[in-house]
Every structure is written in C-alpha cells, then in structure tokens.
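*Asks:* Structure file target.csv, CSV, C-alpha atoms and all ligand atoms, is pasted below:
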chain,number,residue,atom,x,y,z
A,1,MET,CA,23.4,9.1,-14.4
A,2,SER,CA,26.0,10.1,-11.8
A,3,LEU,CA,26.1,8.7,-8.3
A,4,ASP,CA,27.2,11.7,-6.3
A,5,PHE,CA,25.1,10.4,-3.4
A,6,LYS,CA,26.3,7.0,-2.4
A,7,PRO,CA,23.8,4.6,-0.9
A,8,GLY,CA,24.8,4.1,2.7
A,9,ALA,CA,25.3,7.8,3.3
A,10,PHE,CA,21.9,8.0,5.1
A,11,ASN,CA,21.4,6.5,8.5
A,12,ASP,CA,17.6,7.1,8.4
A,13,PHE,CA,16.8,3.9,6.5
A,14,PHE,CA,17.1,0.3,7.4
A,15,ARG,CA,19.1,-1.0,4.4
A,16,GLU,CA,19.9,-4.6,5.2
A,17,GLU,CA,16.4,-5.7,6.4
A,18,THR,CA,14.7,-8.5,4.5
A,19,PHE,CA,11.0,-9.2,3.7
A,20,ARG,CA,11.9,-12.8,2.7
A,21,GLY,CA,14.2,-15.6,3.8
A,22,ASP,CA,15.4,-14.7,7.3
A,23,PHE,CA,12.8,-11.9,7.6
A,24,THR,CA,14.8,-9.4,9.5
A,25,TYR,CA,12.2,-6.7,9.0
A,26,ARG,CA,11.3,-4.8,12.2
A,27,ASN,CA,9.9,-1.4,13.2
A,28,SER,CA,11.9,1.0,15.4
A,29,PRO,CA,10.0,2.3,18.5
A,30,HIS,CA,9.5,5.6,16.5
A,31,ASN,CA,7.9,3.7,13.6
A,32,ILE,CA,5.6,1.7,15.9
A,33,ARG,CA,4.3,5.0,17.4
A,34,ARG,CA,3.4,6.2,13.9
A,35,PHE,CA,1.9,2.9,12.7
A,36,PRO,CA,-1.5,3.6,11.1
A,37,PHE,CA,-3.6,1.4,13.4
A,38,PRO,CA,-6.8,1.2,11.3
A,39,PHE,CA,-9.5,0.5,13.9
A,40,ASP,CA,-11.5,3.4,15.3
A,41,ARG,CA,-13.9,1.2,17.2
A,42,ASP,CA,-13.9,-2.3,18.8
A,43,ASP,CA,-15.6,-4.0,15.8
A,44,TYR,CA,-15.1,-3.9,12.0
A,45,MET,CA,-17.2,-4.0,8.9
A,46,TYR,CA,-16.7,-2.7,5.4
A,47,ALA,CA,-17.8,0.9,4.8
A,48,VAL,CA,-17.2,3.7,2.2
A,49,ASN,CA,-14.5,5.1,4.5
A,50,MET,CA,-13.1,7.9,2.4
A,51,GLU,CA,-11.8,11.3,3.6
A,52,PRO,CA,-9.8,14.1,2.0
A,53,HIS,CA,-6.1,13.2,1.8
A,54,VAL,CA,-4.9,16.4,3.5
A,55,PRO,CA,-1.7,16.8,5.5
A,56,GLY,CA,-2.2,15.2,9.0
A,57,ARG,CA,-0.4,15.4,12.3
A,58,ILE,CA,3.4,16.1,12.2
A,59,GLY,CA,5.2,12.7,12.2
A,60,SER,CA,2.1,10.8,11.2
A,61,VAL,CA,1.9,8.8,8.0
A,62,PHE,CA,-0.5,11.5,6.7
A,63,GLU,CA,2.0,14.3,7.2
A,64,LYS,CA,3.2,14.2,3.6
A,65,THR,CA,1.5,13.3,0.4
A,66,PHE,CA,3.7,10.2,-0.2
A,67,ASP,CA,5.0,8.9,3.1
A,68,VAL,CA,8.7,7.9,3.1
A,69,ASP,CA,9.8,6.0,6.1
A,70,GLU,CA,12.7,4.0,7.5
A,71,HIS,CA,11.9,1.0,5.3
A,72,TYR,CA,12.2,3.0,2.0
A,73,VAL,CA,15.5,1.7,0.7
A,74,ALA,CA,14.9,-1.9,1.8
A,75,GLU,CA,11.4,-1.9,0.2
A,76,MET,CA,12.8,-0.6,-3.1
A,77,ILE,CA,15.4,-3.4,-3.1
A,78,ASP,CA,12.7,-6.0,-2.5
A,79,ARG,CA,10.6,-4.5,-5.3
A,80,ALA,CA,13.5,-4.8,-7.8
A,81,LYS,CA,14.0,-8.4,-6.8
A,82,VAL,CA,10.3,-9.2,-7.4
A,83,LEU,CA,10.3,-7.5,-10.8
A,84,ALA,CA,13.5,-9.3,-11.8
A,85,ASP,CA,11.8,-12.7,-11.0
A,86,ASP,CA,8.5,-11.7,-12.6
A,87,PRO,CA,8.3,-8.7,-15.0
A,88,LEU,CA,4.5,-9.2,-15.3
A,89,ARG,CA,4.0,-7.6,-11.9
A,90,CYS,CA,4.2,-4.3,-13.7
A,91,GLN,CA,2.1,-3.7,-16.8
A,92,SER,CA,0.7,-0.7,-18.6
A,93,LEU,CA,-1.6,-0.8,-21.6
A,94,PRO,CA,-0.5,1.5,-24.4
A,95,HIS,CA,-3.1,4.2,-23.9
A,96,MET,CA,-2.0,4.6,-20.2
A,97,THR,CA,1.5,6.1,-20.9
A,98,LEU,CA,0.2,9.6,-20.5
A,99,ALA,CA,-1.3,8.7,-17.1
A,100,GLY,CA,2.2,7.2,-16.2
A,101,TRP,CA,3.7,10.6,-16.9
A,102,ASP,CA,1.1,12.3,-14.8
A,103,LEU,CA,1.9,10.0,-11.9
A,104,LEU,CA,5.6,10.6,-12.3
A,105,GLU,CA,5.1,14.3,-12.2
A,106,LEU,CA,2.8,14.0,-9.1
A,107,ILE,CA,5.3,11.9,-7.2
A,108,MET,CA,8.4,13.8,-8.1
A,109,GLU,CA,6.8,17.2,-7.3
A,110,SER,CA,5.4,15.9,-4.0
A,111,LYS,CA,8.6,14.3,-2.8
A,112,ALA,CA,10.8,17.2,-3.8
A,113,ARG,CA,8.5,19.5,-2.0
A,114,ASP,CA,8.0,17.3,1.1
A,115,TYR,CA,11.5,15.9,1.5
A,116,PRO,CA,13.9,18.4,0.0
A,117,GLU,CA,16.8,16.8,1.9
A,118,TRP,CA,16.3,13.5,0.0
A,119,PHE,CA,14.7,14.4,-3.3
A,120,SER,CA,15.0,17.3,-5.8
A,121,LEU,CA,13.5,18.2,-9.1
A,122,GLU,CA,14.8,20.9,-11.4
A,123,LYS,CA,12.8,21.8,-14.5
A,124,ASN,CA,14.0,23.7,-17.5
A,125,GLY,CA,11.1,23.5,-19.9
A,126,ASN,CA,10.6,19.7,-20.6
A,127,ARG,CA,14.2,19.0,-19.6
A,128,TRP,CA,14.0,17.7,-16.0
A,129,ARG,CA,16.7,16.7,-13.5
A,130,TRP,CA,15.6,14.3,-10.8
A,131,ILE,CA,17.8,13.5,-7.8
A,132,ASN,CA,16.9,10.7,-5.4
A,133,ARG,CA,19.7,10.8,-2.8
A,134,PRO,CA,18.7,7.7,-0.7
A,135,LEU,CA,18.8,5.5,-3.9
A,136,GLY,CA,21.8,7.3,-5.4
A,137,ILE,CA,20.0,8.5,-8.6
A,138,ASP,CA,20.7,11.7,-10.4
A,139,HIS,CA,19.0,11.6,-13.8
A,140,SER,CA,18.2,14.1,-16.4
A,141,PHE,CA,15.4,13.3,-18.9
A,142,THR,CA,12.8,14.9,-21.2
A,143,PHE,CA,9.3,14.9,-19.7
A,144,LEU,CA,6.9,13.1,-22.0
A,145,ASP,CA,9.8,11.4,-24.0
A,146,GLU,CA,9.9,7.7,-23.0
A,147,ALA,CA,13.2,7.2,-24.8
A,148,THR,CA,14.9,9.3,-22.1
A,149,LEU,CA,13.9,6.9,-19.2
A,150,PRO,CA,15.2,3.4,-18.6
A,151,TYR,CA,11.6,2.2,-18.0
A,152,GLY,CA,8.1,3.4,-18.8
A,153,PRO,CA,7.2,6.5,-16.7
A,154,MET,CA,5.0,4.6,-14.2
A,155,GLU,CA,7.6,1.9,-13.7
A,156,TYR,CA,10.4,4.4,-13.4
A,157,ILE,CA,8.9,6.4,-10.6
A,158,THR,CA,7.2,3.5,-8.7
A,159,ARG,CA,10.5,1.6,-8.6
A,160,GLN,CA,11.4,4.6,-6.3
A,161,THR,CA,8.2,4.9,-4.4
A,162,GLN,CA,6.8,2.7,-1.5
A,163,GLY,CA,3.4,1.3,-2.2
A,164,ASP,CA,1.7,-0.5,-5.1
A,165,PHE,CA,0.0,1.6,-7.8
A,166,THR,CA,-2.8,1.1,-10.3
A,167,LEU,CA,-3.9,3.6,-13.0
A,168,GLN,CA,-7.6,3.6,-13.9
A,169,ASP,CA,-8.9,4.9,-17.2
A,170,GLU,CA,-12.4,6.3,-17.0
A,171,ARG,CA,-14.8,5.2,-19.8
A,172,GLU,CA,-18.4,4.1,-20.1
A,173,GLY,CA,-19.3,5.4,-16.6
A,174,THR,CA,-16.8,3.2,-14.8
A,175,LEU,CA,-13.1,2.7,-14.1
A,176,TRP,CA,-10.8,0.3,-15.9
A,177,MET,CA,-7.6,-1.0,-14.3
A,178,ASP,CA,-5.4,-0.5,-17.4
A,179,ALA,CA,-2.0,-0.2,-15.7
A,180,GLY,CA,-0.4,-1.2,-12.4
A,181,ILE,CA,2.6,-2.4,-10.5
A,182,ALA,CA,2.2,-4.7,-7.5
A,183,THR,CA,5.0,-6.2,-5.5
A,184,SER,CA,3.6,-5.7,-2.0
A,185,GLN,CA,0.0,-6.8,-2.5
A,186,ALA,CA,-2.5,-8.7,-0.3
A,187,ASP,CA,-3.1,-11.6,-2.6
A,188,TRP,CA,-4.4,-10.0,-5.8
A,189,SER,CA,-2.7,-9.8,-9.2
A,190,VAL,CA,-2.1,-7.0,-11.8
A,191,ASP,CA,-1.6,-9.7,-14.4
A,192,PHE,CA,-5.0,-11.1,-13.7
A,193,ASP,CA,-6.9,-7.8,-13.1
A,194,ILE,CA,-5.4,-5.7,-15.9
A,195,GLY,CA,-8.2,-4.6,-18.3
A,196,MET,CA,-10.9,-5.3,-15.8
A,197,SER,CA,-13.6,-2.8,-14.8
A,198,TRP,CA,-14.4,-1.6,-11.2
A,199,HIS,CA,-17.1,-4.2,-10.4
A,200,GLU,CA,-15.1,-7.0,-12.2
A,201,TRP,CA,-11.9,-6.7,-10.2
A,202,HIS,CA,-13.9,-6.2,-6.9
A,203,ALA,CA,-16.0,-9.3,-7.6
A,204,PRO,CA,-14.2,-11.6,-5.1
A,205,VAL,CA,-15.0,-9.3,-2.1
A,206,PRO,CA,-17.7,-10.7,0.2
A,207,LEU,CA,-20.7,-8.7,1.5
A,208,ALA,CA,-19.7,-5.3,0.2
A,209,HIS,CA,-21.5,-5.6,-3.1
A,210,GLU,CA,-24.8,-6.5,-1.4
A,211,MET,CA,-24.3,-3.6,1.0
A,212,GLY,CA,-24.1,-1.2,-2.0
A,213,ILE,CA,-20.6,-0.2,-1.0
A,214,PHE,CA,-19.0,-0.6,-4.4
A,215,ASP,CA,-21.8,1.3,-6.2
A,216,ARG,CA,-21.5,4.2,-3.8
A,217,ALA,CA,-17.7,4.3,-3.8
A,218,LEU,CA,-17.6,4.3,-7.6
A,219,LYS,CA,-20.1,7.2,-7.8
A,220,PHE,CA,-17.9,9.1,-5.3
A,221,LEU,CA,-14.7,8.4,-7.3
A,222,LEU,CA,-16.1,9.4,-10.7
A,223,LYS,CA,-16.5,12.9,-9.2
A,224,LEU,CA,-12.9,13.0,-7.9
A,225,GLN,CA,-11.3,16.3,-8.8
A,226,HIS,CA,-7.7,17.1,-9.7
A,227,GLY,CA,-5.9,18.6,-6.6
A,228,ALA,CA,-8.4,17.1,-4.1
A,229,PRO,CA,-7.1,13.5,-3.4
A,230,VAL,CA,-8.8,11.2,-1.0
A,231,ARG,CA,-7.7,8.3,1.2
A,232,ARG,CA,-9.0,5.3,3.1
A,233,PHE,CA,-7.7,2.3,5.0
A,234,ASN,CA,-7.8,-1.4,4.3
A,235,TRP,CA,-6.2,-4.1,6.4
A,236,THR,CA,-5.5,-7.8,6.5
A,237,MET,CA,-3.2,-10.3,8.3
A,238,THR,CA,0.1,-11.8,7.1
A,239,VAL,CA,2.3,-14.5,8.6
A,240,ASN,CA,5.9,-13.2,8.6
A,241,PRO,CA,6.7,-9.7,7.3
A,242,LEU,CA,6.3,-10.7,3.7
A,243,LEU,CA,5.6,-7.7,1.5
A,244,ASP,CA,4.9,-9.8,-1.6
A,245,THR,CA,1.9,-12.0,-0.8
A,246,ALA,CA,0.9,-12.5,-4.5
A,247,PRO,CA,-1.3,-15.2,-5.9
A,248,GLU,CA,1.5,-16.0,-8.3
A,249,THR,CA,3.7,-17.1,-5.4
A,250,TYR,CA,1.0,-18.5,-3.1
A,251,PRO,CA,2.6,-22.0,-3.1
A,252,LYS,CA,5.7,-20.5,-1.4
A,253,TRP,CA,4.0,-18.4,1.3
A,254,GLY,CA,0.5,-20.0,1.7
A,255,PRO,CA,1.8,-23.0,3.7
A,256,THR,CA,3.5,-20.7,6.3
A,257,LYS,CA,0.1,-20.0,7.7
A,258,THR,CA,0.3,-23.4,9.3
A,259,SER,CA,3.4,-22.5,11.2
A,260,LEU,CA,1.9,-20.4,14.0
A,261,THR,CA,2.1,-21.5,17.7
A,262,GLN,CA,1.3,-19.6,20.9
A,263,GLU,CA,5.0,-19.2,21.4
A,264,ASN,CA,5.9,-17.7,18.0
A,265,LEU,CA,2.6,-15.9,17.1
A,266,GLY,CA,3.6,-12.5,18.6
A,267,GLN,CA,6.7,-12.4,16.4
A,268,LYS,CA,5.4,-14.0,13.2
A,269,GLN,CA,1.8,-12.7,12.9
A,270,HIS,CA,1.6,-9.3,11.4
A,271,LEU,CA,-1.2,-6.8,11.0
A,272,ARG,CA,-1.0,-5.5,7.4
A,273,VAL,CA,-2.5,-2.1,6.9
A,274,GLU,CA,-3.0,-0.4,3.6
A,275,LEU,CA,-3.1,3.3,3.4
A,276,GLN,CA,-4.9,3.8,0.0
A,277,THR,CA,-4.8,7.2,-1.7
A,278,LEU,CA,-6.6,8.3,-4.9
A,279,TYR,CA,-5.7,11.1,-7.2
A,280,ARG,CA,-7.3,12.5,-10.3
A,281,LEU,CA,-4.5,13.1,-12.9
A,282,PRO,CA,-4.5,16.3,-14.9
A,283,ARG,CA,-3.6,15.4,-18.5
A,284,SER,CA,-5.0,11.9,-18.8
A,285,ASN,CA,-8.0,12.3,-16.5
A,286,ALA,CA,-7.1,8.9,-15.2
A,287,ILE,CA,-7.3,8.0,-11.5
A,288,ALA,CA,-4.2,6.9,-9.7
A,289,PHE,CA,-4.6,4.4,-6.8
A,290,ASP,CA,-1.8,4.1,-4.3
A,291,ILE,CA,-1.8,1.1,-1.9
A,292,ARG,CA,0.8,1.7,0.7
A,293,CYS,CA,1.5,-1.3,2.9
A,294,TYR,CA,2.5,-1.0,6.6
A,295,LEU,CA,3.4,-4.2,8.5
A,296,ALA,CA,3.7,-4.5,12.3
A,297,SER,CA,4.1,-7.7,14.3
A,298,PHE,CA,1.6,-8.5,17.1
A,299,ASP,CA,4.5,-8.1,19.6
A,300,GLU,CA,5.1,-4.6,18.3
A,301,LEU,CA,1.4,-3.7,18.4
A,302,MET,CA,1.1,-4.9,22.0
A,303,THR,CA,3.4,-2.2,23.2
A,304,VAL,CA,0.4,0.2,22.8
A,305,PRO,CA,-2.2,-1.1,25.3
A,306,LYS,CA,-5.2,0.6,23.7
A,307,TRP,CA,-4.3,-1.2,20.4
A,308,ALA,CA,-3.9,-4.5,22.2
A,309,ARG,CA,-7.4,-4.4,23.7
A,310,ARG,CA,-9.0,-3.3,20.4
A,311,LEU,CA,-7.2,-5.7,18.2
A,312,HIS,CA,-8.4,-8.6,20.3
A,313,ARG,CA,-12.0,-7.5,20.1
A,314,VAL,CA,-11.9,-6.9,16.3
A,315,VAL,CA,-10.3,-10.3,15.5
A,316,ARG,CA,-12.6,-12.1,17.9
A,317,ASP,CA,-15.9,-10.6,16.6
A,318,ILE,CA,-15.2,-10.2,12.9
A,319,HIS,CA,-17.8,-11.6,10.4
A,320,PRO,CA,-16.6,-15.1,9.3
A,321,ASP,CA,-16.9,-14.2,5.6
A,322,LEU,CA,-14.4,-11.4,6.2
A,323,ALA,CA,-12.0,-13.6,8.1
A,324,THR,CA,-12.2,-16.2,5.3
A,325,TYR,CA,-11.7,-13.6,2.5
A,326,LYS,CA,-8.8,-12.0,4.4
A,327,GLY,CA,-7.2,-15.5,4.8
A,328,PHE,CA,-7.0,-15.9,8.5
A,329,ILE,CA,-10.1,-17.9,9.5
A,330,ARG,CA,-7.8,-20.9,10.1
A,331,ASN,CA,-5.6,-19.0,12.6
A,332,GLN,CA,-8.4,-16.9,14.1
A,333,PRO,CA,-8.8,-19.1,17.3
A,334,ALA,CA,-5.1,-19.1,17.9
A,335,MET,CA,-4.9,-15.3,17.4
A,336,VAL,CA,-7.8,-14.7,19.7
A,337,GLU,CA,-6.3,-16.9,22.4
A,338,TRP,CA,-3.0,-15.1,22.2
A,339,LEU,CA,-4.5,-11.6,22.0
A,340,SER,CA,-6.9,-12.2,24.9
A,341,LYS,CA,-4.0,-12.0,27.3
A,342,TYR,CA,-3.6,-8.4,26.4
A,343,ASP,CA,-7.2,-7.4,26.8
A,344,ASP,CA,-7.9,-6.2,30.3
A,345,GLY,CA,-11.6,-5.7,29.5
A,346,LYS,CA,-11.5,-2.0,30.0
A,347,PRO,CA,-13.8,0.2,27.7
A,348,THR,CA,-12.1,2.0,24.8
A,349,SER,CA,-12.8,5.4,23.3
A,350,PRO,CA,-14.3,5.7,19.8
A,351,GLY,CA,-12.1,7.5,17.3
A,352,TRP,CA,-8.3,7.8,17.6
A,401,LIG,C1,-10.5,-5.1,-2.5
A,401,LIG,C2,-8.6,-2.6,-6.2
A,401,LIG,C3,-10.9,1.4,-4.6
A,401,LIG,C4,-13.1,-1.3,-1.3
A,401,LIG,C5,-9.8,-4.8,-3.7
A,401,LIG,C6,-9.0,-5.7,-4.4
A,401,LIG,C7,-8.5,-5.0,-5.5
A,401,LIG,C8,-9.0,-3.6,-5.3
A,401,LIG,C9,-7.5,-5.5,-6.6
A,401,LIG,C10,-8.8,-7.2,-4.2
A,401,LIG,C11,-9.8,-8.0,-4.9
A,401,LIG,C12,-9.5,-9.5,-4.9
A,401,LIG,O1,-9.8,-10.2,-3.9
A,401,LIG,O2,-9.0,-9.9,-5.9
A,401,LIG,C13,-9.1,-1.3,-6.1
A,401,LIG,C14,-8.7,-0.2,-6.9
A,401,LIG,C15,-9.4,0.9,-6.5
A,401,LIG,C16,-10.1,0.5,-5.3
A,401,LIG,C17,-7.8,-0.3,-8.1
A,401,LIG,C18,-9.3,2.3,-7.0
A,401,LIG,C19,-9.5,2.6,-8.3
A,401,LIG,C20,-11.7,1.0,-3.5
A,401,LIG,C21,-12.5,1.9,-2.8
A,401,LIG,C22,-13.1,1.2,-1.9
A,401,LIG,C23,-12.7,-0.2,-2.0
A,401,LIG,C24,-12.6,3.4,-3.0
A,401,LIG,C25,-14.1,1.8,-0.9
A,401,LIG,C26,-15.2,1.2,-0.4
A,401,LIG,C27,-12.5,-2.5,-1.3
A,401,LIG,C28,-12.8,-3.5,-0.3
A,401,LIG,C29,-12.0,-4.6,-0.6
A,401,LIG,C30,-11.3,-4.3,-1.8
A,401,LIG,C31,-13.7,-3.4,0.9
A,401,LIG,C32,-11.8,-5.9,0.2
A,401,LIG,C33,-10.6,-5.7,1.1
A,401,LIG,C34,-10.3,-6.7,2.2
A,401,LIG,O3,-11.2,-7.2,2.9
A,401,LIG,O4,-9.1,-7.0,2.4
A,401,LIG,N1,-9.8,-3.5,-4.2
A,401,LIG,N2,-9.9,-0.8,-5.1
A,401,LIG,N3,-11.8,-0.3,-3.0
A,401,LIG,N4,-11.7,-3.0,-2.2
A,401,LIG,FE1,-10.9,-1.9,-3.7
Output the structure of this file as structure tokens.
Ligand code: HEM
*Replies:*
Amino acid sequence: MSLDFKPGAFNDFFREETFRGDFTYRNSPHNIRRFPFPFDRDDYMYAVNMEPHVPGRIGSVFEKTFDVDEHYVAEMIDRAKVLADDPLRCQSLPHMTLAGWDLLELIMESKARDYPEWFSLEKNGNRWRWINRPLGIDHSFTFLDEATLPYGPMEYITRQTQGDFTLQDEREGTLWMDAGIATSQADWSVDFDIGMSWHEWHAPVPLAHEMGIFDRALKFLLKLQHGAPVRRFNWTMTVNPLLDTAPETYPKWGPTKTSLTQENLGQKQHLRVELQTLYRLPRSNAIAFDIRCYLASFDELMTVPKWARRLHRVVRDIHPDLATYKGFIRNQPAMVEWLSKYDDGKPTSPGW
C-alpha cells in the first residue's frame, strides 16, 4: 500500500471535526443548503415512502449513487474509533462473504465513476487497484480473494464509505439481516439484530405493523431488481452531533438528553436524517441496505425559513407513540417552545 496521496492534500473535507467530546461538527452554508430536509408536508406519519434511486438535482445528496460530502474524512476517522472500541459493530455471517464482494464492487465502481478526482479503480481480470485519495489509500488486491484485503470485503469498503450498511439474505419469502456494520445508527444494534428476519428486527417500531407498512414494504423489496435501486428517508432527533447513538453506549449519551435549555437548544438539538438506499446485488442475490446519516443543528435549519415553519408543526403535532419511539417525547415541549419563535404561521407548499 503506498501513500502517494497524503491526507491533508484536500481542502474539501473537514478533517479535524469531532462527533464526540468537544463536538466541533458543523455544516458549511453550502452543506446546509443541500441538507436532505425530509418533510414534504406539515405533518408526519410512517408510510411506504420508496422511490427509484436515480440521479437527482446537481449538488443535491441524490446527485451521485453514494454521496461523499465535506464530512467524509472525519466520519471515517470516527468509524475507525468506534470499531477499535467495539469490533462487534461489524459482523458478517460466513455465507455473506460473496454479498460483501458484491457491495465492494458496487461502491468502488460507483465512486470511481462519480468522483474520479478522489477515487479510481483499475481492473486487470481479477487483479484490481483501488485508489482512495482523501484517505490516502492505494491498494492492489484480487477480487474474490479475502486473503488480499486487510478486512473482509464488506468491512474493507464500508470503512471507506459514509453510512451504515446491512446485507440481507433472501430465504423463505423474507429477508435476513445476516451482515452489517453500524457506527452511526439511531439506537439499534447489529450485534442484537444479526440473524433476525424482516419482521423480527422491525418488531420495536410502533403503529407501522398495524398499518400494514412492513408487509407492503417487504413485498416491494422482494421484487427489487439488480440495477434498479430504491431510496427512502427516515429521521429522528439527537442531542449533540453524535453519530454513534448505539444501544451499547446508551449510558454515555442517553443522559445528555436532560441537558437541553432554551438557551442551548438551537446549538445542541440536531435533526438526524437517514437517506436509506437499497440495492439488489448481482452474484449473491442479497439486498444491500445503506443508512446514510445527515445531522443538522436546529440553529442551522432555522437559516431556511420554510424548514423552520414546517419543523415546528411536525414536532408539535407528531403522534406521541412516534415521539416516544424516536426518543424525544421528554424534550418535545421544550423543542416546540423553541421552534414556535420561528413559525410565522404562514401556509407552506406541499412537496419540496
Ligand atoms: C426501523 C432495519 C427497510 C421502515 C428500523 C430499524 C432497523 C431497520 C434496524 C430499527 C428498529 C429498532 O428499533 O430496533 C431495516 C433494514 C431494511 C429496512 C435492514 C432493509 C432491508 C425498511 C423499509 C421501510 C422501513 C423499506 C419502509 C417502510 C422502517 C420504519 C422504522 C424502521 C418506519 C422506524 C423508524 C423511526 O421511527 O425512526 N429499520 N429497515 N424499513 N424501519 Fe426499517
């Protein structure tokens, strides 16, 4: 492995920012404008909100297959720290190795195509050379030969890719979470969920089962075709820009929910948006699920007046079971009080 490309040579990435300790994470004005604000109306309820994952507006988080933004390097440093503390955050059952190779190929090909200035992939039969300039990696390996990588294929490529990933095997008319890596998750655990089926790992979610959402979504996913990925949004709330809100570390971050005041709420309270994309993989027939987390503080969101109005109404009117499940029922009154100052009562447009 040669380091022709020294980390630090790129100004495009925030390198020093932290998602822990002093929490220096912030979004540039450019990144706030492209933040994937998830609400297309003034209220929110679960739905089977899936659409084709096709290239979107230039500059948006949908422009490329795997969005790489200014937080890339810092997020990868944070992931390495989480894995060093707890290797069980990444697990792959033995029959999922081929799906890991499928994922590695998908990500390498996509990034090399979409960001040629940062990533490149040269293939000579099964001898591949992968260059990741922002992380200073230049690595030649043999595709499908694990001995030529420092980690399993899923772990190798997801240590270089923003977002958590799970790989689902399809058997017995359902999906099984048989591999995954999660270091930026909204309070769920790969170690707990690994080996579970679709309805089992979704069991804690309120209301959606009774609404038939999980039955319909599963039916849709079982028909997912290679080359036709889909996407959806999910969201929750996080105090401090903490990527790793894991059940394993709840005793560390859970109590910080009691630290909000009207004075610090704008800076500490973050909307956490997950852009979730799903891909059928070609050799293994597995389904890859990418959960890409975007964080923005309330202060940052308030710079866009139409978001300010809408966020106030969504948080104020959300079903209490959802506010409880998403972990912000305790802080909901304080958030509504703070947000109400930014809602001028004007009507909003559906969409956008
Ligand atoms: C929540 C995994 C696809 C809807 C969750 C949770 C996990 C998960 C681990 C957290 C459950 C907990 O509390 O422990 C997955 C995986 C998917 C997938 C691996 C792909 C194979 C979908 C799809 C939908 C969906 C396609 C579409 C309806 C939801 C909803 C929640 C949820 C509504 C609750 C989220 C919240 O309120 O924050 N999912 N999911 N999931 N999932 Fe999925």
*Asks:* So how many Å separate atom C5 of ligand LIG 401 (chain A) and CA of His202 (chain A), to one decimal?
*Replies:*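 Value for the atom C5 of ligand LIG 401 (chain A)-CA of His202 (chain A) distance: 5.4 Å.
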*Asks:* Against ligand LIG 401 (chain A), which residues of chain A fall within 9 Å? For each one I want the closest pair of atoms and the distance in Å (one decimal), counting all atoms listed in the file, rows by chain and increasing residue number, as a tab-separated table.
*Replies:*
residue	atom	partner	partner_atom	distance
A:Met45	CA	A:LIG401	C31	8.8
A:Tyr46	CA	A:LIG401	C31	5.5
A:Ala47	CA	A:LIG401	C26	5.8
A:Val48	CA	A:LIG401	C26	4.1
A:Asn49	CA	A:LIG401	C26	6.3
A:Met50	CA	A:LIG401	C25	7.0
A:Phe165	CA	A:LIG401	C17	8.0
A:Thr166	CA	A:LIG401	C17	5.6
A:Leu167	CA	A:LIG401	C17	7.4
A:Gln168	CA	A:LIG401	C19	6.0
A:Leu175	CA	A:LIG401	C19	6.8
A:Trp176	CA	A:LIG401	C19	8.0
A:Met177	CA	A:LIG401	C17	6.2
A:Gly180	CA	A:LIG401	C17	8.6
A:Gln185	CA	A:LIG401	C9	8.6
A:Ala186	CA	A:LIG401	O4	7.3
A:Asp187	CA	A:LIG401	O1	7.0
A:Trp188	CA	A:LIG401	O2	4.6
A:Ser189	CA	A:LIG401	C9	6.9
A:Val190	CA	A:LIG401	C9	7.6
A:Phe192	CA	A:LIG401	O2	8.8
A:Asp193	CA	A:LIG401	C9	6.9
A:Trp198	CA	A:LIG401	C19	7.1
A:Trp201	CA	A:LIG401	C9	5.8
A:His202	CA	A:LIG401	C11	4.9
A:Ala203	CA	A:LIG401	C11	6.9
A:Pro204	CA	A:LIG401	O1	4.8
A:Val205	CA	A:LIG401	C32	5.2
A:Pro206	CA	A:LIG401	C32	7.6
A:Leu207	CA	A:LIG401	C31	8.8
A:Ala208	CA	A:LIG401	C31	6.3
A:Ile213	CA	A:LIG401	C26	5.6
A:Phe214	CA	A:LIG401	C26	5.8
A:Asp215	CA	A:LIG401	C26	8.8
A:Arg216	CA	A:LIG401	C26	7.8
A:Ala217	CA	A:LIG401	C26	5.2
A:Leu218	CA	A:LIG401	C24	6.9
A:Phe220	CA	A:LIG401	C24	8.1
A:Leu221	CA	A:LIG401	C24	6.9
A:Val230	CA	A:LIG401	C24	8.9
A:Arg231	CA	A:LIG401	C24	8.1
A:Arg232	CA	A:LIG401	C24	7.3
A:Phe233	CA	A:LIG401	C25	8.7
A:Asn234	CA	A:LIG401	C33	6.0
A:Trp235	CA	A:LIG401	O4	5.7
A:Thr236	CA	A:LIG401	O4	5.5
A:Met237	CA	A:LIG401	O4	9.0
A:Gln276	CA	A:LIG401	C3	7.9
A:Thr277	CA	A:LIG401	C18	8.5
A:Leu278	CA	A:LIG401	C18	6.9
A:Ile287	CA	A:LIG401	C19	6.7
A:Ala288	CA	A:LIG401	C19	7.0
A:Phe289	CA	A:LIG401	C18	5.2
A:Asp290	CA	A:LIG401	C18	8.2
A:Ile291	CA	A:LIG401	C14	8.6
A:Leu322	CA	A:LIG401	O3	6.2
A:Ala323	CA	A:LIG401	O3	8.3
A:Tyr325	CA	A:LIG401	O3	6.4
A:Lys326	CA	A:LIG401	O4	5.4
*Asks:* Can you work out which one of A:Lys111, A:Arg41, A:Gly136, A:Ala179 has the shortest atom-to-atom distance to His95 (chain A), counting only C-alpha atoms?
*Replies:* A:Ala179
*Asks:* When you look at Val73 (chain A) with a cut-off of 7 Å (counting only C-alpha atoms), what residues show up, excluding the ones that are within fewer than 5 positions of it in the same chain? I need them as a ChimeraX atom specification.
*Replies:* /A:13,15,134-135
*Asks:* Write out, as a CSV table (one decimal), in the frame of the given file, the residues just selected, with C-alpha atoms.
*Replies:*
chain,number,residue,atom,x,y,z
A,13,PHE,CA,16.8,3.9,6.5
A,15,ARG,CA,19.1,-1.0,4.4
A,134,PRO,CA,18.7,7.7,-0.7
A,135,LEU,CA,18.8,5.5,-3.9
*Asks:* Here is a test: counting all atoms listed in the file, which residue of A:Asn331, A:Ser28, A:Thr303, A:Asn124 is nearest to Gln262 (chain A)?
*Replies:*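 Selected residue with least distance to Gln262 (chain A): A:Asn331.
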*Asks:* Compare A:Asp22, A:Glu274, A:Glu210, A:Glu105 by their minimum atom-to-atom distance to Met154 (chain A), counting all atoms listed in the file, and give me the closest one.
*Replies:*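 When distances to Met154 (chain A) are compared using all atoms listed in the file, the smallest one comes from A:Glu105.
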*Asks:* Work out how far apart CA of Val273 (chain A) and CA of His312 (chain A) are and give it in Å to one decimal.
*Replies:*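 Straight-line distance from CA of Val273 (chain A) to CA of His312 (chain A) works out to 16.0 Å.
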*Asks:* Report, in Å with one decimal, the straight-line distance from CA of Val54 (chain A) to CA of His226 (chain A).
*Replies:*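 Distance between the two atoms: 13.5 Å.
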*Asks:* Taking all atoms listed in the file into account, name the residue in A:Ile32, A:Ala286, A:Leu242, A:Leu106 that is nearest to Leu224 (chain A).
*Replies:*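 Counting all atoms listed in the file, the residue closest to Leu224 (chain A) is A:Ala286.
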*Asks:* Excluding Phe35 (chain A) and residues on its chain fewer than 3 positions from it, collect all residues at most 12 Å away from it, counting all atoms listed in the file, and give them as a list in words.
*Replies:*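 Close residues of Phe35 (chain A): Asn27, Ser28, Pro29, His30, Asn31, Ile32, Pro38, Phe39, Gly59, Ser60, Val61, Phe62, Asp67, Asp69, Leu271, Arg272, Val273, Glu274, Leu275, Cys293, Tyr294, Leu295, Ala296, Ser297, Glu300, Leu301, Thr303, Val304 and Trp307 of chain A.
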